[in-house]
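Visitor: Sharing a structure here in structure tokens format.
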Amino acid sequence: MPMKLAKFTFASLAILFLVAPLIAILPLAFTSSVILTYPIPSWSLRWFEELFTADAWRRAIINSLIVGSGTTLLATVLGTAASLGLRNRLLLFRGSVRTLFLLPMVVPAVVLGVGMQVLLARFGLTNSYAGVIIAHTVVAVPFVVVSVTGALAGIDERVELAAQSLGASPATVFCRVTLPLAMPGVLSGAVLAFATSLDEVVLTLFVAGPNQRTLARQMFSSIRENISPAIAAAAFLFIAATILVGLAVMVFRSMLAKRR
Amino acid sequence: MAEFIRFDRITKFYGPLCVVENLDLGIGKGEFVSLLGPSGSGKTTLLMMLAGFEQPTSGAILLDGTAINGVPTHKRDMGVVFQSYALFPHMSVGENIAFPLQMRGISKAEIAERVKRALDMVQLSAFADRRPSQLSGGQQQRVALARALVFEPRVVLMDEPLGALDKQLREQMQLDIRDLHRRLGLTIVFVTHDQSEALTMSDRVAVFNKGKIEQIGTPRQVYDEPATRFVAEFIGETNLVEGVVETVQGQEATVRLASGAHIVSALSGAVASGQPVYLSIRPERVDLSETRGDARNVLEMEVTDSVYQGDHLRVQLETAAHPLIAKLGRRSREFPPGTKVFAAFSAGDCRVIAP
Ligand SMILES: Nc1ncnc2c1ncn2[C@@H]1O[C@H](COP(=O)(O)OP(=O)(O)O)[C@@H](O)[C@H]1O
Ligand SMILES: [Mg+2]
């Protein structure tokens, strides 16, 4: 019994530690005060209004959606293609190539940021949406690769062979069998790519110009300029979006599990 | 029977490993041929080359007189059934069966009609809208069978299709497939490692060992006239007794055993006088009695053990030179250990096999 109690206490503390920052910031999204501090004088939605009407915030939300969509599309296509390529048994050094694709997950973002800025400057892509999207794609692709590779690994190769023997050309096998079976993995990869882009600050600092300020970047800069509760409202949006993303991934995973 | 499929000196290497070695095999139209052998003997590899999933390292595969080495799988028009069913998990049973028909651009109305008939054929009409995962193993394999037959392929290939089913279901499916083969006049190449399955279903059995065919023949031939020691031991149970050829007379030879006894036996291949050989004697062909009788081959032996196995009595016999097992019919009398008996069998019930 005491053991059980100790475990329970420890787990509760760990969870508290993880969500404490959220508990600290989220209620402030609904304050009527003009500064980001407790106590909350009265409840109000004025900071959400501010978020959607103030020019800087509105632009930031739109930018995040533009960059997020672009990144999702690009990263999903590239990551899916890479995963399909990694499936080839004849590929030399398959393990090493796979690791290469996952590298952006562990390389420090500042290092990537510096390199990215130098590279994009070369191609005249700094201060452009394309530049930001490319930078975000680099860090989003690994999530797609992991997710799609997992889904592909679950496909019985003989199902594809059977399709061939039944008269399906390689392209038809891909469209009618491989892709539909991998789709839950592709979709959850896409969702993760979007979440990665939404959340990305460091690379954005390096490569984005004033016209490509994303929501995360805007929060980062406004917390040092003026600490208005609009930040808390933005954070609230983030949490809501993240929870939606999490739910979506869970749904796709269960779709994948049901197939088996 | 016109020859329909021909493997012409097929060799297949995986890296340094020779999996199929210089193999020749002809299969007739409408014939049911089993590739029988232990696991790892190259049966699946040969089937995969016929389906076009693998390419032979050398040699040619001919279908109806035309080499098909370069033809991709989807243009070979062969139905393949795998042990793992390999159904499309994201399609219903009906969609699975419709798939090959859609690939052939057949009209919607005709597809519906043919899917229905195929489902009737495998008694799954009520399951058209189910997902494969909602069916039992036996039902899934029947769907796979219907899917492989619905487009009337030129050849049907099956790789241990019944291996995952329990015994009773397997035996039922064996008879069902054999029945379909006869009714539809299908050409079937069937891979199995189960000798009784091969004997039950096939017109001819090709016995594989280490990438080569040791013997090919009707079930009766491979069982009654094994050409090699491997075939004799792999198919059914047998007694192998060492001896030396004394004389050869036409299709028979006289073999002297270590005990000094002489056995007259049918031949499976050419042997010469003085050659050391094995005799293969099927246990169920041995008769036991307490009197010498007038059979051509009689061995004086002693019972060491006797086990009642329901459908037969299994008697273990011994002489100084070699043991022998006899399987006697249910109506046989008991032979308690220690009994002195005469084991008798005719010349046609044993085979001389060169080692
Ligand atoms: N794709 C492959 N790569 C390398 N070796 C293989 C491959 N497929 C089969 N083998 C080897 O070839 C041999 C024959 O295999 P297989 O044809 O599957 O035998 P069987 O079907 O008679 O059990 C085995 O030793 C197996 O390990
Ligand atoms: Mg096999």
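Residues are named by chain letter and number: chains run A, B, ... in the order of the structure tokens, numbers start at 1 in each chain, and ligands are numbered from 1 in the order shown.
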With only C-alpha atoms as the counted atoms, please give the residues lying no more than 6 Å from stretch 13-30 of chain B, apart from itself and same-chain residues fewer than 3 positions off, as a list in words.
Guide: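 Near stretch 13-30 of chain B, the qualifying residues are Met1, Ala2, Glu3, Phe4, Ile5, Arg6, Phe7, Asp8, Arg9, Ile10, Gly42, Gly185, Leu186, Thr187, Gly211 and Lys212 of chain B.
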Visitor: As an MDAnalysis selection string, could you give me every residue of chain B near chain A (at most 12 Å apart, counting only C-alpha atoms)?
Guide: chainID B and resid 48 50:54 71:92 95:105 131:134 144:159
Visitor: If you take only C-alpha atoms and all ligand atoms and a cut-off of 7 Å, which residues of chain B touch ligand 1, and what are their nearest atom pairs and distances in Å to one decimal, in chain and number order, as a tab-separated table?
Guide:
```
residue	atom	partner	partner_atom_place_in_ligand_line	distance
B:Tyr14	CA	ligand 1	4 (C)	4.9
B:Val19	CA	ligand 1	12 (O)	5.0
B:Gly37	CA	ligand 1	22 (O)	6.3
B:Pro38	CA	ligand 1	22 (O)	6.1
B:Ser39	CA	ligand 1	23 (O)	3.5
B:Gly40	CA	ligand 1	19 (O)	3.5
B:Ser41	CA	ligand 1	22 (O)	3.8
B:Gly42	CA	ligand 1	17 (O)	3.3
B:Lys43	CA	ligand 1	22 (O)	3.8
B:Thr44	CA	ligand 1	21 (O)	3.5
B:Thr45	CA	ligand 1	17 (O)	3.7
B:Leu46	CA	ligand 1	17 (O)	6.5
```
Visitor: Restricting the output to all heavy atoms, write the selected residues as an mmCIF file, in the first residue's frame.
Guide:
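This is the output file part.cif:
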```cif
data_model
loop_
_atom_site.group_PDB
_atom_site.id
_atom_site.type_symbol
_atom_site.label_atom_id
_atom_site.label_comp_id
_atom_site.auth_asym_id
_atom_site.auth_seq_id
_atom_site.Cartn_x
_atom_site.Cartn_y
_atom_site.Cartn_z
ATOM 1 N N TYR B 14 20.682 -17.028 -54.810
ATOM 2 C CA TYR B 14 20.551 -15.828 -53.970
ATOM 3 C C TYR B 14 21.948 -15.552 -53.448
ATOM 4 O O TYR B 14 22.409 -16.255 -52.554
ATOM 5 C CB TYR B 14 19.593 -16.059 -52.809
ATOM 6 C CG TYR B 14 18.140 -15.998 -53.183
ATOM 7 C CD1 TYR B 14 17.307 -17.091 -52.998
ATOM 8 C CD2 TYR B 14 17.594 -14.825 -53.722
ATOM 9 C CE1 TYR B 14 15.960 -17.028 -53.343
ATOM 10 C CE2 TYR B 14 16.256 -14.760 -54.059
ATOM 11 C CZ TYR B 14 15.450 -15.864 -53.872
ATOM 12 O OH TYR B 14 14.125 -15.803 -54.200
ATOM 13 N N VAL B 19 19.744 -22.005 -54.879
ATOM 14 C CA VAL B 19 18.469 -22.411 -54.303
ATOM 15 C C VAL B 19 17.725 -23.381 -55.220
ATOM 16 O O VAL B 19 17.049 -24.298 -54.782
ATOM 17 C CB VAL B 19 17.602 -21.165 -54.013
ATOM 18 C CG1 VAL B 19 16.257 -21.566 -53.481
ATOM 19 C CG2 VAL B 19 18.307 -20.247 -53.032
ATOM 20 N N GLY B 37 8.366 -31.018 -50.697
ATOM 21 C CA GLY B 37 9.731 -31.148 -50.187
ATOM 22 C C GLY B 37 9.843 -30.470 -48.844
ATOM 23 O O GLY B 37 8.950 -29.728 -48.440
ATOM 24 N N PRO B 38 10.964 -30.705 -48.156
ATOM 25 C CA PRO B 38 11.133 -30.084 -46.841
ATOM 26 C C PRO B 38 11.299 -28.579 -46.981
ATOM 27 O O PRO B 38 11.557 -28.078 -48.074
ATOM 28 C CB PRO B 38 12.412 -30.731 -46.301
ATOM 29 C CG PRO B 38 13.143 -31.203 -47.500
ATOM 30 C CD PRO B 38 12.109 -31.534 -48.528
ATOM 31 N N SER B 39 11.156 -27.882 -45.887
ATOM 32 C CA SER B 39 11.287 -26.437 -45.915
ATOM 33 C C SER B 39 12.704 -26.048 -46.317
ATOM 34 O O SER B 39 13.674 -26.672 -45.905
ATOM 35 C CB SER B 39 10.914 -25.911 -44.529
ATOM 36 O OG SER B 39 11.657 -24.789 -44.218
ATOM 37 N N GLY B 40 12.815 -25.073 -47.205
ATOM 38 C CA GLY B 40 14.129 -24.625 -47.670
ATOM 39 C C GLY B 40 14.618 -25.344 -48.910
ATOM 40 O O GLY B 40 15.736 -25.125 -49.364
ATOM 41 N N SER B 41 13.773 -26.206 -49.517
ATOM 42 C CA SER B 41 14.252 -26.977 -50.662
ATOM 43 C C SER B 41 14.044 -26.245 -51.985
ATOM 44 O O SER B 41 14.369 -26.780 -53.036
ATOM 45 C CB SER B 41 13.569 -28.349 -50.692
ATOM 46 O OG SER B 41 12.166 -28.204 -50.710
ATOM 47 N N GLY B 42 13.493 -25.021 -51.945
ATOM 48 C CA GLY B 42 13.415 -24.225 -53.167
ATOM 49 C C GLY B 42 12.058 -24.226 -53.852
ATOM 50 O O GLY B 42 11.917 -23.680 -54.951
ATOM 51 N N LYS B 43 11.044 -24.810 -53.218
ATOM 52 C CA LYS B 43 9.724 -24.895 -53.837
ATOM 53 C C LYS B 43 9.126 -23.516 -54.078
ATOM 54 O O LYS B 43 8.683 -23.190 -55.179
ATOM 55 C CB LYS B 43 8.759 -25.696 -52.946
ATOM 56 C CG LYS B 43 9.323 -26.991 -52.433
ATOM 57 C CD LYS B 43 8.370 -27.684 -51.474
ATOM 58 C CE LYS B 43 8.048 -26.944 -50.207
ATOM 59 N NZ LYS B 43 9.122 -26.883 -49.221
ATOM 60 N N THR B 44 9.114 -22.698 -53.014
ATOM 61 C CA THR B 44 8.538 -21.361 -53.132
ATOM 62 C C THR B 44 9.281 -20.543 -54.176
ATOM 63 O O THR B 44 8.667 -19.850 -54.986
ATOM 64 C CB THR B 44 8.581 -20.645 -51.765
ATOM 65 O OG1 THR B 44 7.769 -21.374 -50.855
ATOM 66 C CG2 THR B 44 8.056 -19.217 -51.870
ATOM 67 N N THR B 45 10.602 -20.660 -54.165
ATOM 68 C CA THR B 45 11.405 -19.899 -55.129
ATOM 69 C C THR B 45 10.994 -20.251 -56.558
ATOM 70 O O THR B 45 10.836 -19.364 -57.404
ATOM 71 C CB THR B 45 12.893 -20.195 -54.900
ATOM 72 O OG1 THR B 45 13.204 -19.900 -53.545
ATOM 73 C CG2 THR B 45 13.756 -19.359 -55.825
ATOM 74 N N LEU B 46 10.788 -21.534 -56.827
ATOM 75 C CA LEU B 46 10.386 -21.933 -58.177
ATOM 76 C C LEU B 46 9.026 -21.336 -58.531
ATOM 77 O O LEU B 46 8.817 -20.812 -59.629
ATOM 78 C CB LEU B 46 10.337 -23.468 -58.276
ATOM 79 C CG LEU B 46 10.217 -23.981 -59.709
ATOM 80 C CD1 LEU B 46 11.519 -23.766 -60.453
ATOM 81 C CD2 LEU B 46 9.813 -25.435 -59.755
#
```
Visitor: Using only C-alpha atoms and all ligand atoms, which of B:Val271, B:Val191, B:Leu169, B:Val244 sits nearest ligand 2?
Guide: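 Closest residue, counting only C-alpha atoms and all ligand atoms: B:Val191.
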Visitor: Would you give me, as a ChimeraX atom specification, the residues in stretch 59-225 of chain A that DSSP reads as helix (DSSP H, G or I)?
Guide: /A:59-86,94-105,109-122,129-153,157-165,170-199,202-207,210-212,215-225
Visitor: Let me see the file: selected residues, C-alpha atoms, as a compact mmCIF listing (two decimals), in the first residue's frame.
Guide:
```txt
# COMPACT_ATOMS: atom_id res chain seq x y z
CA ARG A 59 -1.05 38.71 -39.84
CA ALA A 60 0.89 36.32 -37.61
CA ILE A 61 -2.02 33.87 -37.51
CA ILE A 62 -2.43 34.06 -41.28
CA ASN A 63 1.31 33.62 -41.78
CA SER A 64 1.32 30.57 -39.52
CA LEU A 65 -1.50 29.06 -41.56
CA ILE A 66 0.28 29.78 -44.86
CA VAL A 67 3.63 28.45 -43.70
CA GLY A 68 1.99 25.54 -41.87
CA SER A 69 0.01 24.45 -44.94
CA GLY A 70 3.00 24.79 -47.24
CA THR A 71 5.21 22.86 -44.86
CA THR A 72 2.60 20.15 -44.38
CA LEU A 73 2.22 19.62 -48.10
CA LEU A 74 5.93 19.65 -48.89
CA ALA A 75 7.03 17.60 -45.89
CA THR A 76 4.30 15.00 -46.42
CA VAL A 77 5.14 14.50 -50.08
CA LEU A 78 8.89 14.39 -49.49
CA GLY A 79 8.66 12.29 -46.33
CA THR A 80 6.30 9.77 -47.94
CA ALA A 81 8.52 9.50 -51.01
CA ALA A 82 11.56 9.00 -48.77
CA SER A 83 9.80 6.29 -46.75
CA LEU A 84 8.83 4.46 -49.93
CA GLY A 85 12.42 4.67 -51.12
CA LEU A 86 13.71 3.38 -47.79
CA ARG A 94 19.58 1.49 -45.83
CA GLY A 95 19.99 1.97 -42.09
CA SER A 96 22.42 4.86 -42.49
CA VAL A 97 20.26 6.61 -45.08
CA ARG A 98 17.29 6.31 -42.75
CA THR A 99 19.29 7.87 -39.92
CA LEU A 100 20.23 10.70 -42.26
CA PHE A 101 16.57 11.53 -42.74
CA LEU A 102 16.02 11.65 -39.01
CA LEU A 103 19.05 13.84 -38.33
CA PRO A 104 17.16 17.17 -38.26
CA MET A 105 15.41 15.86 -35.14
CA ALA A 109 18.06 24.16 -34.28
CA VAL A 110 20.49 27.10 -34.06
CA VAL A 111 23.02 25.21 -36.15
CA LEU A 112 20.37 24.39 -38.71
CA GLY A 113 19.19 28.01 -38.56
CA VAL A 114 22.59 29.48 -39.33
CA GLY A 115 23.22 27.02 -42.15
CA MET A 116 19.76 27.58 -43.51
CA GLN A 117 20.17 31.34 -43.58
CA VAL A 118 23.48 31.13 -45.45
CA LEU A 119 22.02 28.65 -47.92
CA LEU A 120 18.76 30.50 -48.52
CA ALA A 121 20.65 33.79 -48.99
CA ARG A 122 22.55 32.10 -51.79
CA TYR A 129 7.49 32.44 -47.59
CA ALA A 130 9.27 29.83 -49.69
CA GLY A 131 12.34 30.16 -47.50
CA VAL A 132 10.42 29.73 -44.27
CA ILE A 133 8.48 26.80 -45.69
CA ILE A 134 11.69 25.09 -46.82
CA ALA A 135 13.30 25.63 -43.40
CA HIS A 136 10.25 24.23 -41.60
CA THR A 137 10.07 21.32 -44.00
CA VAL A 138 13.59 20.25 -43.04
CA VAL A 139 12.56 19.79 -39.41
CA ALA A 140 9.10 18.40 -40.25
CA VAL A 141 10.19 15.66 -42.68
CA PRO A 142 11.58 13.34 -39.97
CA PHE A 143 8.17 13.18 -38.31
CA VAL A 144 6.57 12.18 -41.59
CA VAL A 145 9.31 9.62 -42.28
CA VAL A 146 8.90 7.98 -38.87
CA SER A 147 5.14 7.88 -39.17
CA VAL A 148 4.96 6.62 -42.78
CA THR A 149 7.80 4.13 -42.35
CA GLY A 150 5.88 2.64 -39.45
CA ALA A 151 2.73 2.33 -41.52
CA LEU A 152 4.59 0.81 -44.48
CA ALA A 153 6.34 -1.71 -42.23
CA GLU A 157 4.51 -7.47 -48.85
CA ARG A 158 2.57 -10.43 -50.19
CA VAL A 159 -0.57 -8.32 -50.37
CA GLU A 160 1.20 -6.17 -52.95
CA LEU A 161 2.54 -9.23 -54.75
CA ALA A 162 -0.98 -10.64 -54.85
CA ALA A 163 -2.24 -7.40 -56.41
CA GLN A 164 0.45 -7.67 -59.10
CA SER A 165 -0.48 -11.24 -59.88
CA PRO A 170 3.22 -1.27 -60.28
CA ALA A 171 1.56 2.18 -60.45
CA THR A 172 -1.87 0.67 -59.83
CA VAL A 173 -0.55 -1.39 -56.92
CA PHE A 174 0.74 1.84 -55.39
CA CYS A 175 -2.52 3.77 -55.86
CA ARG A 176 -4.95 1.00 -54.98
CA VAL A 177 -3.05 -0.93 -52.30
CA THR A 178 0.12 0.60 -50.88
CA LEU A 179 -1.04 4.19 -50.49
CA PRO A 180 -4.49 3.41 -49.04
CA LEU A 181 -2.90 1.04 -46.54
CA ALA A 182 -0.26 3.60 -45.56
CA MET A 183 -2.76 6.49 -45.49
CA PRO A 184 -3.30 6.61 -41.72
CA GLY A 185 0.47 6.94 -41.34
CA VAL A 186 0.63 9.61 -44.05
CA LEU A 187 -2.16 11.59 -42.41
CA SER A 188 -0.71 11.43 -38.93
CA GLY A 189 2.66 12.43 -40.45
CA ALA A 190 0.97 15.42 -42.09
CA VAL A 191 -0.64 16.48 -38.84
CA LEU A 192 2.67 16.22 -37.00
CA ALA A 193 4.36 18.25 -39.76
CA PHE A 194 1.76 20.99 -39.33
CA ALA A 195 2.24 20.98 -35.57
CA THR A 196 6.01 21.18 -35.99
CA SER A 197 5.70 24.18 -38.28
CA LEU A 198 3.24 25.92 -35.96
CA ASP A 199 5.61 25.52 -33.04
CA VAL A 202 14.38 29.20 -33.81
CA LEU A 203 14.64 28.60 -37.57
CA THR A 204 11.99 31.24 -38.16
CA LEU A 205 14.11 33.75 -36.28
CA PHE A 206 16.97 33.07 -38.67
CA VAL A 207 15.21 32.91 -42.02
CA PRO A 210 9.21 40.94 -40.96
CA ASN A 211 6.54 39.89 -43.43
CA GLN A 212 6.71 36.22 -42.48
CA LEU A 215 2.33 33.23 -34.50
CA ALA A 216 5.08 31.57 -32.49
CA ARG A 217 7.59 34.17 -33.63
CA GLN A 218 5.15 36.97 -32.80
CA MET A 219 4.61 35.60 -29.29
CA PHE A 220 8.34 35.36 -28.81
CA SER A 221 8.98 38.97 -29.76
CA SER A 222 5.94 40.48 -28.08
CA ILE A 223 6.78 38.91 -24.72
CA ARG A 224 9.87 41.09 -24.60
CA GLU A 225 8.28 44.22 -26.06
```
Visitor: Could you check which of B:Arg142, B:Leu199, B:Thr254, B:Pro161 is closest to ligand 2, using only C-alpha atoms and all ligand atoms?
Guide: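 Checking each of B:Arg142, B:Leu199, B:Thr254, B:Pro161 against ligand 2, counting only C-alpha atoms and all ligand atoms, the winner is B:Pro161.
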Visitor: What is the distance between atom CA of B:Arg351 and atom CA of B:Glu300, in Å to one decimal?
Guide: 19.6 Å
Visitor: Figure out the distance between atom CA of A:Ile35 and atom CA of A:Ile231, please, to one decimal in Å.
Guide: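 Value for the atom CA of A:Ile231-atom CA of A:Ile35 distance: 10.4 Å.
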Visitor: When distances are computed from only C-alpha atoms and all ligand atoms, which of B:His193, B:Lys12, B:Arg114, B:Arg170 shows the smallest separation from ligand 2?
Guide: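 Closest to ligand 2, using only C-alpha atoms and all ligand atoms: B:His193.
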Visitor: Could you pull out all residues of stretch 107-206 of chain B with a DSSP call of strand (DSSP E or B) and give them as a list in words?
Guide: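 Put together, the selection reads Val155, Val156, Leu157, Met158, Asp159, Ile188, Val189, Phe190, Val191, Thr192, Arg204, Val205 and Ala206 of chain B.
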Visitor: Separation of atom CA of B:Arg330 and atom CA of B:Ile263, in Å?
Guide: 27.2 Å
Visitor: With distances taken over only C-alpha atoms and all ligand atoms, which residue among B:Gly163, B:Pro323, B:Gly329, B:Pro336 lies nearest ligand 2?
Guide: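 Selected residue with least distance to ligand 2: B:Gly163.
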